[in-house]
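Below is one structure, written out as structure tokens, with a few remarks after it.
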Amino acid sequence: MEFKDNQAIYLQIGDYVCEQILLGRWNEGERILSVRELGVALEVNPNTVLRTFDFLQSIEIIFNKRGVGYFVVEQAKSKIIEYRRKQFLENELPVIFRSMEILGMKIEDLNQQYKIYLKSNP
């Protein structure tokens, strides 16, 4: 996995875990890779993975069954989407709006580009 410099590694691993869930590779109610297994797979320190798992537990995406492992919670997909929407609205959208303001763009310009995007990506 290639890590970016602009976000903490444990959060990027969290995004990876969430993607696996959204793509249906890790299903709700199923056991996921252990801390060590994921650390080896992503070539990161197990402590970093543990921090990721603690974070994902705090936002109720996964849970730990003592002595058994970590599992995907029921309704994880909807919780991930809700969390990502909140993050987008709070962190990314203000940056986009600021850029639009600087460039003198209006929401209609963005709407037109979105329509073009939808036509080319069915």
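Here's how to read the names in the structure tokens: chain A, B, ... by the order shown, residue numbers from 1 in each chain, ligand numbers from 1 in the order shown.
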Show which residues sit within 12 Å of Asn27 of chain A, as a PyMOL selection string. Count only C-alpha atoms, and ignore same-chain residues fewer than 6 positions away. chain A and resi 17-21+61-62+71-77
Mind the document's chain letters and residue numbers, and return as a short mmCIF file (atom, residue, chain, number, x, y, z; two decimals) with C-alpha atoms, in the first residue's frame the residues of segment 2-108 of chain A that DSSP labels alpha helix (DSSP H).
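Once written, out-v9.cif looks like this:
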```cif
data_model
loop_
_atom_site.label_atom_id
_atom_site.label_comp_id
_atom_site.auth_asym_id
_atom_site.auth_seq_id
_atom_site.Cartn_x
_atom_site.Cartn_y
_atom_site.Cartn_z
CA ILE A 9 -1.01 6.26 8.29
CA TYR A 10 -3.50 4.77 10.75
CA LEU A 11 -6.29 6.80 9.11
CA GLN A 12 -5.21 5.66 5.65
CA ILE A 13 -5.32 2.07 6.88
CA GLY A 14 -8.79 2.84 8.27
CA ASP A 15 -9.82 4.01 4.80
CA TYR A 16 -8.46 0.76 3.37
CA VAL A 17 -10.47 -1.33 5.86
CA CYS A 18 -13.60 0.69 5.09
CA GLU A 19 -13.07 0.20 1.35
CA GLN A 20 -12.80 -3.57 1.87
CA ILE A 21 -16.13 -3.47 3.68
CA LEU A 22 -17.83 -1.23 1.11
CA VAL A 35 -3.59 -6.93 13.79
CA ARG A 36 -0.50 -8.93 12.83
CA GLU A 37 -1.95 -10.24 9.57
CA LEU A 38 -2.96 -6.78 8.39
CA GLY A 39 0.37 -5.34 9.52
CA VAL A 40 2.24 -7.91 7.43
CA ALA A 41 -0.08 -7.44 4.44
CA LEU A 42 0.34 -3.65 4.46
CA PRO A 46 1.29 -3.86 14.25
CA ASN A 47 0.98 -0.93 16.69
CA THR A 48 -0.16 1.26 13.80
CA VAL A 49 -2.80 -1.33 12.86
CA LEU A 50 -3.88 -1.53 16.50
CA ARG A 51 -4.33 2.25 16.50
CA THR A 52 -6.44 1.88 13.34
CA PHE A 53 -8.58 -0.81 14.94
CA ASP A 54 -9.06 1.32 18.07
CA PHE A 55 -10.19 4.20 15.86
CA LEU A 56 -12.57 1.99 13.85
CA GLN A 57 -14.04 0.62 17.07
CA SER A 58 -14.59 4.17 18.34
CA ALA A 76 -21.11 -1.13 8.90
CA LYS A 77 -21.64 0.00 5.30
CA SER A 78 -24.21 2.62 6.25
CA LYS A 79 -22.02 3.79 9.17
CA ILE A 80 -19.01 4.13 6.86
CA ILE A 81 -21.01 6.12 4.33
CA GLU A 82 -22.39 8.36 7.08
CA TYR A 83 -18.89 8.92 8.50
CA ARG A 84 -17.36 9.62 5.07
CA ARG A 85 -20.14 12.05 4.15
CA LYS A 86 -19.56 13.93 7.40
CA GLN A 87 -15.82 14.05 6.75
CA LEU A 93 -16.14 20.70 0.68
CA PRO A 94 -14.96 23.92 2.38
CA VAL A 95 -11.68 23.64 0.44
CA ILE A 96 -13.60 23.19 -2.81
CA PHE A 97 -15.86 26.16 -2.02
CA ARG A 98 -12.83 28.32 -1.19
CA SER A 99 -11.20 27.40 -4.50
CA MET A 100 -14.43 28.16 -6.34
CA GLU A 101 -14.60 31.56 -4.65
CA ILE A 102 -11.01 32.38 -5.59
CA LEU A 103 -11.60 31.30 -9.20
CA ILE A 107 -22.35 26.48 -8.07
CA GLU A 108 -23.93 26.21 -11.53
#
```
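Going from atom CA of Arg66 of chain A over to atom CA of Ile32 of chain A, you cover 13.7 Å.
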